[in-house]
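Structure file protein_23.pdb (PDB, C-alpha atoms, pLDDT in the B column) follows.
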ATOM      1  CA  MET A   4     -18.373 -10.585   0.117  1.00 81.00           C
ATOM      2  CA  ALA A   5     -15.009  -9.697   1.632  1.00 91.00           C
ATOM      3  CA  LYS A   6     -13.132  -6.750   0.241  1.00 97.00           C
ATOM      4  CA  LYS A   7     -10.047  -7.756  -1.755  1.00 98.00           C
ATOM      5  CA  VAL A   8      -6.663  -6.041  -1.613  1.00 98.00           C
ATOM      6  CA  ALA A   9      -3.374  -6.740  -3.364  1.00 98.00           C
ATOM      7  CA  ILE A  10      -0.051  -5.819  -1.763  1.00 98.00           C
ATOM      8  CA  LEU A  11       2.819  -5.793  -4.243  1.00 98.00           C
ATOM      9  CA  LEU A  12       6.173  -7.122  -3.074  1.00 98.00           C
ATOM     10  CA  ALA A  13       9.441  -6.637  -4.925  1.00 98.00           C
ATOM     11  CA  GLU A  14      12.901  -7.636  -3.732  1.00 98.00           C
ATOM     12  CA  GLY A  15      14.076  -5.130  -1.125  1.00 98.00           C
ATOM     13  CA  PHE A  16      10.649  -4.301   0.338  1.00 98.00           C
ATOM     14  CA  GLU A  17      10.442  -2.981   3.920  1.00 98.00           C
ATOM     15  CA  GLU A  18       9.182  -5.784   6.173  1.00 98.00           C
ATOM     16  CA  VAL A  19       7.111  -3.785   8.659  1.00 98.00           C
ATOM     17  CA  GLU A  20       5.453  -1.729   5.924  1.00 98.00           C
ATOM     18  CA  ALA A  21       4.264  -4.896   4.206  1.00 98.00           C
ATOM     19  CA  VAL A  22       3.444  -7.205   7.106  1.00 98.00           C
ATOM     20  CA  ALA A  23       1.708  -4.679   9.397  1.00 98.00           C
ATOM     21  CA  PRO A  24      -0.978  -3.731   6.826  1.00 98.00           C
ATOM     22  CA  ILE A  25      -1.400  -7.394   5.802  1.00 98.00           C
ATOM     23  CA  ASP A  26      -1.915  -8.339   9.453  1.00 98.00           C
ATOM     24  CA  VAL A  27      -4.316  -5.487  10.266  1.00 98.00           C
ATOM     25  CA  LEU A  28      -6.409  -6.009   7.152  1.00 98.00           C
ATOM     26  CA  ARG A  29      -6.662  -9.765   7.626  1.00 98.00           C
ATOM     27  CA  ARG A  30      -7.671  -9.285  11.272  1.00 98.00           C
ATOM     28  CA  GLY A  31     -10.425  -7.035   9.919  1.00 98.00           C
ATOM     29  CA  GLY A  32     -11.738  -9.674   7.533  1.00 98.00           C
ATOM     30  CA  VAL A  33     -10.211  -8.305   4.321  1.00 98.00           C
ATOM     31  CA  ASP A  34      -8.934 -10.770   1.712  1.00 98.00           C
ATOM     32  CA  VAL A  35      -5.283  -9.735   1.217  1.00 98.00           C
ATOM     33  CA  LEU A  36      -3.405 -11.135  -1.763  1.00 98.00           C
ATOM     34  CA  ILE A  37       0.381 -11.060  -1.458  1.00 98.00           C
ATOM     35  CA  VAL A  38       1.542 -10.458  -5.015  1.00 98.00           C
ATOM     36  CA  GLY A  39       5.121 -10.819  -6.211  1.00 98.00           C
ATOM     37  CA  LEU A  40       6.586  -9.622  -9.464  1.00 98.00           C
ATOM     38  CA  SER A  41       7.061 -13.370 -10.019  1.00 97.00           C
ATOM     39  CA  LYS A  42       5.928 -16.444  -8.071  1.00 96.00           C
ATOM     40  CA  GLU A  43       9.342 -16.849  -6.423  1.00 98.00           C
ATOM     41  CA  PRO A  44       9.845 -16.011  -2.716  1.00 98.00           C
ATOM     42  CA  VAL A  45      10.558 -12.295  -2.306  1.00 98.00           C
ATOM     43  CA  ALA A  46      13.489 -11.205  -0.114  1.00 98.00           C
ATOM     44  CA  SER A  47      12.967  -8.071   1.954  1.00 98.00           C
ATOM     45  CA  ALA A  48      15.514  -5.357   2.702  1.00 97.00           C
ATOM     46  CA  ARG A  49      16.791  -7.471   5.608  1.00 97.00           C
ATOM     47  CA  ASN A  50      16.466 -10.805   3.803  1.00 97.00           C
ATOM     48  CA  VAL A  51      13.156 -11.948   5.293  1.00 97.00           C
ATOM     49  CA  LYS A  52      11.603 -14.056   2.537  1.00 98.00           C
ATOM     50  CA  ILE A  53       7.871 -14.049   1.851  1.00 98.00           C
ATOM     51  CA  VAL A  54       6.213 -16.482  -0.531  1.00 98.00           C
ATOM     52  CA  PRO A  55       3.654 -14.609  -2.637  1.00 98.00           C
ATOM     53  CA  ASP A  56       0.155 -15.949  -3.153  1.00 98.00           C
ATOM     54  CA  MET A  57       0.495 -15.199  -6.855  1.00 98.00           C
ATOM     55  CA  SER A  58       2.524 -13.337  -9.421  1.00 98.00           C
ATOM     56  CA  LEU A  59       1.552  -9.948 -10.797  1.00 98.00           C
ATOM     57  CA  ASP A  60       0.711 -11.614 -14.123  1.00 97.00           C
ATOM     58  CA  GLU A  61      -2.017 -13.674 -12.395  1.00 97.00           C
ATOM     59  CA  LEU A  62      -3.677 -10.688 -10.729  1.00 97.00           C
ATOM     60  CA  ASP A  63      -7.054  -9.460 -12.001  1.00 95.00           C
ATOM     61  CA  PRO A  64      -7.470  -5.753 -11.125  1.00 94.00           C
ATOM     62  CA  GLU A  65     -11.223  -6.060 -11.703  1.00 95.00           C
ATOM     63  CA  GLU A  66     -11.460  -8.115  -8.489  1.00 96.00           C
ATOM     64  CA  LEU A  67      -9.600  -5.587  -6.324  1.00 98.00           C
ATOM     65  CA  ASP A  68     -10.862  -2.849  -4.023  1.00 98.00           C
ATOM     66  CA  MET A  69      -7.364  -1.548  -3.207  1.00 98.00           C
ATOM     67  CA  VAL A  70      -3.703  -1.897  -4.093  1.00 98.00           C
ATOM     68  CA  ILE A  71      -0.879  -1.339  -1.572  1.00 98.00           C
ATOM     69  CA  LEU A  72       2.744  -0.507  -2.371  1.00 98.00           C
ATOM     70  CA  PRO A  73       5.083  -0.953   0.612  1.00 98.00           C
ATOM     71  CA  GLY A  74       8.351   0.949   0.901  1.00 98.00           C
ATOM     72  CA  GLY A  75      11.932  -0.176   1.012  1.00 97.00           C
ATOM     73  CA  ALA A  76      14.200   1.635  -1.427  1.00 92.00           C
ATOM     74  CA  GLY A  77      15.196  -1.449  -3.426  1.00 96.00           C
ATOM     75  CA  GLY A  78      11.656  -2.754  -3.645  1.00 98.00           C
ATOM     76  CA  VAL A  79      10.224   0.604  -4.652  1.00 98.00           C
ATOM     77  CA  GLU A  80      12.803   1.011  -7.433  1.00 98.00           C
ATOM     78  CA  ARG A  81      11.808  -2.392  -8.808  1.00 98.00           C
ATOM     79  CA  LEU A  82       8.104  -1.473  -8.616  1.00 98.00           C
ATOM     80  CA  LYS A  83       8.779   1.834 -10.409  1.00 98.00           C
ATOM     81  CA  GLN A  84      10.611   0.078 -13.243  1.00 98.00           C
ATOM     82  CA  ASP A  85       7.941  -2.575 -13.861  1.00 98.00           C
ATOM     83  CA  PRO A  86       5.388  -1.442 -16.482  1.00 98.00           C
ATOM     84  CA  ARG A  87       2.875  -3.982 -15.109  1.00 98.00           C
ATOM     85  CA  VAL A  88       2.833  -2.103 -11.785  1.00 98.00           C
ATOM     86  CA  GLU A  89       2.184   1.200 -13.537  1.00 98.00           C
ATOM     87  CA  ARG A  90      -0.637  -0.352 -15.602  1.00 97.00           C
ATOM     88  CA  LEU A  91      -2.219  -1.794 -12.444  1.00 98.00           C
ATOM     89  CA  VAL A  92      -2.016   1.483 -10.521  1.00 98.00           C
ATOM     90  CA  LYS A  93      -3.479   3.444 -13.439  1.00 97.00           C
ATOM     91  CA  ALA A  94      -6.267   0.882 -13.882  1.00 97.00           C
ATOM     92  CA  MET A  95      -7.135   1.217 -10.188  1.00 97.00           C
ATOM     93  CA  GLU A  96      -7.173   5.015 -10.532  1.00 97.00           C
ATOM     94  CA  GLU A  97      -9.421   4.903 -13.627  1.00 96.00           C
ATOM     95  CA  LYS A  98     -11.900   2.664 -11.808  1.00 96.00           C
ATOM     96  CA  GLY A  99     -11.975   4.924  -8.735  1.00 97.00           C
ATOM     97  CA  LYS A 100     -10.501   2.257  -6.459  1.00 98.00           C
ATOM     98  CA  TYR A 101      -8.132   2.835  -3.539  1.00 98.00           C
ATOM     99  CA  ILE A 102      -4.405   3.210  -4.163  1.00 98.00           C
ATOM    100  CA  SER A 103      -2.090   3.263  -1.169  1.00 98.00           C
ATOM    101  CA  ALA A 104       1.647   3.577  -0.620  1.00 98.00           C
ATOM    102  CA  ILE A 105       3.991   3.957   2.342  1.00 98.00           C
ATOM    103  CA  CYS A 106       7.524   5.279   2.962  1.00 98.00           C
ATOM    104  CA  ALA A 107       9.371   5.527  -0.392  1.00 98.00           C
ATOM    105  CA  ALA A 108       6.478   4.023  -2.386  1.00 98.00           C
ATOM    106  CA  PRO A 109       4.599   7.324  -2.889  1.00 98.00           C
ATOM    107  CA  THR A 110       7.497   8.216  -5.219  1.00 98.00           C
ATOM    108  CA  ALA A 111       6.254   5.413  -7.511  1.00 98.00           C
ATOM    109  CA  LEU A 112       2.767   6.934  -7.446  1.00 98.00           C
ATOM    110  CA  ALA A 113       4.307  10.293  -8.363  1.00 98.00           C
ATOM    111  CA  LYS A 114       6.210   8.690 -11.251  1.00 98.00           C
ATOM    112  CA  PHE A 115       2.978   7.111 -12.498  1.00 98.00           C
ATOM    113  CA  GLY A 116       1.187  10.501 -12.394  1.00 97.00           C
ATOM    114  CA  VAL A 117      -1.261   9.529  -9.638  1.00 97.00           C
ATOM    115  CA  LEU A 118      -0.263  12.225  -7.114  1.00 97.00           C
ATOM    116  CA  GLU A 119      -0.572  15.272  -9.351  1.00 95.00           C
ATOM    117  CA  GLY A 120      -2.431  17.984  -7.435  1.00 94.00           C
ATOM    118  CA  LYS A 121      -3.148  15.693  -4.484  1.00 97.00           C
ATOM    119  CA  LYS A 122      -2.103  15.934  -0.850  1.00 98.00           C
ATOM    120  CA  ALA A 123       0.318  13.170   0.079  1.00 98.00           C
ATOM    121  CA  THR A 124       3.062  12.202   2.473  1.00 98.00           C
ATOM    122  CA  VAL A 125       6.278  10.233   2.070  1.00 98.00           C
ATOM    123  CA  TYR A 126       9.442   9.351   3.978  1.00 98.00           C
ATOM    124  CA  PRO A 127      10.805  12.791   5.010  1.00 97.00           C
ATOM    125  CA  SER A 128      14.002  12.712   2.919  1.00 97.00           C
ATOM    126  CA  LEU A 129      11.984  12.039  -0.265  1.00 98.00           C
ATOM    127  CA  VAL A 130       9.610  15.030  -0.205  1.00 98.00           C
ATOM    128  CA  GLU A 131      11.023  16.484  -3.433  1.00 97.00           C
ATOM    129  CA  GLU A 132      10.388  13.186  -5.244  1.00 97.00           C
ATOM    130  CA  ILE A 133       6.597  13.311  -4.856  1.00 98.00           C
ATOM    131  CA  LYS A 134       6.131  16.663  -6.558  1.00 94.00           C
ATOM    132  CA  PRO A 135       3.760  17.882  -7.978  1.00 93.00           C
ATOM    133  CA  ALA A 136       1.894  16.456  -4.987  1.00 97.00           C
ATOM    134  CA  VAL A 137       1.240  18.777  -2.051  1.00 97.00           C
ATOM    135  CA  PHE A 138       3.359  17.359   0.790  1.00 98.00           C
ATOM    136  CA  VAL A 139       1.609  17.084   4.167  1.00 98.00           C
ATOM    137  CA  ASP A 140       3.807  16.201   7.163  1.00 98.00           C
ATOM    138  CA  MET A 141       1.463  13.714   8.838  1.00 98.00           C
ATOM    139  CA  PRO A 142       1.756   9.950   9.480  1.00 98.00           C
ATOM    140  CA  VAL A 143      -1.089   9.107   7.071  1.00 98.00           C
ATOM    141  CA  VAL A 144      -2.593  11.360   4.408  1.00 98.00           C
ATOM    142  CA  GLU A 145      -5.668  10.692   2.308  1.00 98.00           C
ATOM    143  CA  ASP A 146      -6.740  12.656  -0.746  1.00 98.00           C
ATOM    144  CA  GLN A 147      -9.626  11.312  -2.751  1.00 95.00           C
ATOM    145  CA  ARG A 148      -8.909   7.578  -2.973  1.00 97.00           C
ATOM    146  CA  VAL A 149      -5.114   7.810  -2.596  1.00 98.00           C
ATOM    147  CA  ILE A 150      -3.698   7.035   0.871  1.00 98.00           C
ATOM    148  CA  THR A 151      -0.026   7.605   1.679  1.00 98.00           C
ATOM    149  CA  SER A 152       2.058   7.124   4.812  1.00 98.00           C
ATOM    150  CA  GLN A 153       5.555   8.012   6.035  1.00 98.00           C
ATOM    151  CA  GLY A 154       7.435   4.890   7.096  1.00 98.00           C
ATOM    152  CA  PRO A 155       7.918   1.867   9.359  1.00 98.00           C
ATOM    153  CA  GLY A 156       6.734   3.665  12.498  1.00 98.00           C
ATOM    154  CA  THR A 157       3.458   4.635  10.816  1.00 98.00           C
ATOM    155  CA  ALA A 158       2.713   1.196   9.340  1.00 98.00           C
ATOM    156  CA  LEU A 159       0.097   0.154  11.941  1.00 98.00           C
ATOM    157  CA  GLU A 160      -1.769   3.453  11.664  1.00 98.00           C
ATOM    158  CA  PHE A 161      -1.564   3.118   7.863  1.00 98.00           C
ATOM    159  CA  GLY A 162      -3.019  -0.395   8.016  1.00 98.00           C
ATOM    160  CA  LEU A 163      -5.811   0.746  10.318  1.00 98.00           C
ATOM    161  CA  ARG A 164      -6.688   3.650   7.995  1.00 98.00           C
ATOM    162  CA  LEU A 165      -6.831   1.245   5.058  1.00 98.00           C
ATOM    163  CA  LEU A 166      -9.118  -1.032   7.078  1.00 98.00           C
ATOM    164  CA  GLU A 167     -11.304   1.942   7.996  1.00 98.00           C
ATOM    165  CA  LYS A 168     -11.711   2.858   4.324  1.00 98.00           C
ATOM    166  CA  LEU A 169     -12.654  -0.699   3.384  1.00 98.00           C
ATOM    167  CA  GLU A 170     -14.695  -1.878   6.377  1.00 98.00           C
ATOM    168  CA  GLY A 171     -15.600   1.248   8.376  1.00 97.00           C
ATOM    169  CA  LYS A 172     -14.345   3.129  11.414  1.00 98.00           C
ATOM    170  CA  GLU A 173     -15.904   0.755  13.959  1.00 98.00           C
ATOM    171  CA  LYS A 174     -14.122  -2.273  12.460  1.00 98.00           C
ATOM    172  CA  ALA A 175     -10.804  -0.370  12.493  1.00 98.00           C
ATOM    173  CA  ARG A 176     -11.353   0.687  16.125  1.00 98.00           C
ATOM    174  CA  ASP A 177     -12.240  -2.887  17.106  1.00 98.00           C
ATOM    175  CA  VAL A 178      -9.105  -4.325  15.486  1.00 98.00           C
ATOM    176  CA  ALA A 179      -6.963  -1.557  17.011  1.00 98.00           C
ATOM    177  CA  LYS A 180      -8.398  -2.262  20.469  1.00 98.00           C
ATOM    178  CA  ARG A 181      -7.667  -5.982  20.160  1.00 98.00           C
ATOM    179  CA  MET A 182      -4.105  -5.138  19.071  1.00 98.00           C
ATOM    180  CA  LEU A 183      -3.672  -2.681  21.991  1.00 98.00           C
ATOM    181  CA  VAL A 184      -3.174   0.207  19.559  1.00 97.00           C
ATOM    182  CA  SER A 185      -4.719   3.663  19.979  1.00 94.00           C
ATOM    183  CA  TYR A 186      -6.775   4.592  16.933  1.00 93.00           C
ATOM    184  CA  GLY A 187      -9.382   7.235  16.108  1.00 82.00           C
TER     185      GLY A 187
END
Would you write out, as structure tokens, the structure that this file holds?
Amino acid sequence: MAKKVAILLAEGFEEVEAVAPIDVLRRGGVDVLIVGLSKEPVASARNVKIVPDMSLDELDPEELDMVILPGGAGGVERLKQDPRVERLVKAMEEKGKYISAICAAPTALAKFGVLEGKKATVYPSLVEEIKPAVFVDMPVVEDQRVITSQGPGTALEFGLRLLEKLEGKEKARDVAKRMLVSYG
């Protein structure tokens, strides 16, 4: 059975940080659910609209192997303020499932208490906002089952690391090769 991932989109999300992981994971055979805070099309930071597969209220965390929070300052603020997002992230943590975030989104994980004592990365100007995490200045950082990344330029590597965790290193290398991307 294919692994199942939910990527949460809120108005103001960063396009590359959402679409690159969706693309990489789907190329690798992962079932990616695009989840909006509602069922309405979600406008990105630069007004690219994506129609979600479902709303957050329809999502069953029991079915998920991973949740992804993309960056984009406006989108991340909306994710941080939505108690349903916090409940989902905490449920994933309690069940030992993967939680991932890129760019500004690790600040949401910090707010929800998921990064305490863990190594993590974030967009460079937001380092103070992920404390008490231990900041690591690398494109992608993994600690236990939490995977964080720095920004738009690291989105493909982030997606490939997520694929590696779900489907193995060989699958990630194969997808990277087909995409003409250097990986592992």
d(atom CA of A:Val33, atom CA of A:Ala48) in Å
25.9 Å
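Remark: for A:Val54, the closest of the candidate residues A:Ala104, A:Leu169, A:Leu118, A:Val38 is A:Val38 (distances computed over all atoms listed in the file).
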Residues near A:Leu67, anyone? I mean within 10 Å using only C-alpha atoms, not counting same-chain ones fewer than 2 positions away, as a PyMOL selection string.
chain A and resi 6-9+34-36+62-65+69-70+95+100-101
Emit the selected residues as a PDB file, keeping the file's coordinate frame, including C-alpha atoms.
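Full text of out.pdb as output:
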ATOM      1  CA  LYS A   6     -13.132  -6.750   0.241  1.00 97.00           C
ATOM      2  CA  LYS A   7     -10.047  -7.756  -1.755  1.00 98.00           C
ATOM      3  CA  VAL A   8      -6.663  -6.041  -1.613  1.00 98.00           C
ATOM      4  CA  ALA A   9      -3.374  -6.740  -3.364  1.00 98.00           C
ATOM      5  CA  ASP A  34      -8.934 -10.770   1.712  1.00 98.00           C
ATOM      6  CA  VAL A  35      -5.283  -9.735   1.217  1.00 98.00           C
ATOM      7  CA  LEU A  36      -3.405 -11.135  -1.763  1.00 98.00           C
ATOM      8  CA  LEU A  62      -3.677 -10.688 -10.729  1.00 97.00           C
ATOM      9  CA  ASP A  63      -7.054  -9.460 -12.001  1.00 95.00           C
ATOM     10  CA  PRO A  64      -7.470  -5.753 -11.125  1.00 94.00           C
ATOM     11  CA  GLU A  65     -11.223  -6.060 -11.703  1.00 95.00           C
ATOM     12  CA  MET A  69      -7.364  -1.548  -3.207  1.00 98.00           C
ATOM     13  CA  VAL A  70      -3.703  -1.897  -4.093  1.00 98.00           C
ATOM     14  CA  MET A  95      -7.135   1.217 -10.188  1.00 97.00           C
ATOM     15  CA  LYS A 100     -10.501   2.257  -6.459  1.00 98.00           C
ATOM     16  CA  TYR A 101      -8.132   2.835  -3.539  1.00 98.00           C
TER      17      TYR A 101
END
Run the PyMOL selection byres ((chain A and resi 87) around 12) mentally over the shown coordinates, then write out the matched residues as an MDAnalysis selection string, using the chain letters and numbers from the document.
chainID A and resid 11 39:41 58:64 81:86 88:94 115
Output C-alpha atoms for every residue in the selection just made, as a PDB file, keeping the file's coordinate frame.
ATOM      1  CA  LEU A  11       2.819  -5.793  -4.243  1.00 98.00           C
ATOM      2  CA  GLY A  39       5.121 -10.819  -6.211  1.00 98.00           C
ATOM      3  CA  LEU A  40       6.586  -9.622  -9.464  1.00 98.00           C
ATOM      4  CA  SER A  41       7.061 -13.370 -10.019  1.00 97.00           C
ATOM      5  CA  SER A  58       2.524 -13.337  -9.421  1.00 98.00           C
ATOM      6  CA  LEU A  59       1.552  -9.948 -10.797  1.00 98.00           C
ATOM      7  CA  ASP A  60       0.711 -11.614 -14.123  1.00 97.00           C
ATOM      8  CA  GLU A  61      -2.017 -13.674 -12.395  1.00 97.00           C
ATOM      9  CA  LEU A  62      -3.677 -10.688 -10.729  1.00 97.00           C
ATOM     10  CA  ASP A  63      -7.054  -9.460 -12.001  1.00 95.00           C
ATOM     11  CA  PRO A  64      -7.470  -5.753 -11.125  1.00 94.00           C
ATOM     12  CA  ARG A  81      11.808  -2.392  -8.808  1.00 98.00           C
ATOM     13  CA  LEU A  82       8.104  -1.473  -8.616  1.00 98.00           C
ATOM     14  CA  LYS A  83       8.779   1.834 -10.409  1.00 98.00           C
ATOM     15  CA  GLN A  84      10.611   0.078 -13.243  1.00 98.00           C
ATOM     16  CA  ASP A  85       7.941  -2.575 -13.861  1.00 98.00           C
ATOM     17  CA  PRO A  86       5.388  -1.442 -16.482  1.00 98.00           C
ATOM     18  CA  VAL A  88       2.833  -2.103 -11.785  1.00 98.00           C
ATOM     19  CA  GLU A  89       2.184   1.200 -13.537  1.00 98.00           C
ATOM     20  CA  ARG A  90      -0.637  -0.352 -15.602  1.00 97.00           C
ATOM     21  CA  LEU A  91      -2.219  -1.794 -12.444  1.00 98.00           C
ATOM     22  CA  VAL A  92      -2.016   1.483 -10.521  1.00 98.00           C
ATOM     23  CA  LYS A  93      -3.479   3.444 -13.439  1.00 97.00           C
ATOM     24  CA  ALA A  94      -6.267   0.882 -13.882  1.00 97.00           C
ATOM     25  CA  PHE A 115       2.978   7.111 -12.498  1.00 98.00           C
TER      26      PHE A 115
END
Expand the PyMOL selection byres ((chain A and resi 120-123) around 12) into the explicit residue set it covers here, and present it as a ChimeraX atom specification.
/A:102-110,112-113,116-119,124-127,129-153
Could you tell me how far atom CA of A:Leu166 sits from atom CA of A:Gly74, in Å to one decimal place?
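Straight-line distance from atom CA of A:Gly74 to atom CA of A:Leu166 works out to 18.6 Å.
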Judged by only C-alpha atoms, the minimum distance to A:Gly15 among A:Asp56, A:Glu167, A:Glu80, A:Glu43 is found for A:Glu80
What's the separation between atom CA of A:Ile37 and atom CA of A:Ile10, in Å to one decimal place?
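Result for atom CA of A:Ile37 versus atom CA of A:Ile10: 5.3 Å, one decimal.
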Find the spatial neighbours of stretch 181-187 of chain A, counting only C-alpha atoms, within a cut-off of 10 Å - ignore same-chain residues fewer than 4 positions away - and output them as number ranges by chain.
A: 27, 30, 159-160, 163-164, 167, 172-173, 175-177
Centre and edge lengths, as JSON, for the axis-aligned box enclosing every listed atom of stretch 89-97 of chain A with 4 Å of padding on each of the six sides, in Å to one decimal?
{"center_x": -3.6, "center_y": 1.6, "center_z": -12.9, "size_x": 19.6, "size_y": 14.8, "size_z": 13.4}
Surrounding residues of A:Ala46 excluding itself and chain neighbours under 6 positions, 7 Å, all atoms listed in the file, as a PDB file with C-alpha atoms, keeping the file's coordinate frame:
ATOM      1  CA  GLU A  14      12.901  -7.636  -3.732  1.00 98.00           C
ATOM      2  CA  GLY A  15      14.076  -5.130  -1.125  1.00 98.00           C
ATOM      3  CA  LYS A  52      11.603 -14.056   2.537  1.00 98.00           C
ATOM      4  CA  ILE A  53       7.871 -14.049   1.851  1.00 98.00           C
TER       5      ILE A  53
END
Counting all atoms listed in the file, which of A:Ala23, A:Val51, A:Met57, A:Ala5 gets nearest to A:Phe161?
A:Ala23
Using all atoms listed in the file, can you tell me which of A:Glu20, A:Glu66, A:Arg49, A:Gly31 comes closest to A:Gly156?
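Comparing A:Glu20, A:Glu66, A:Arg49, A:Gly31 against A:Gly156, the winner is A:Glu20.
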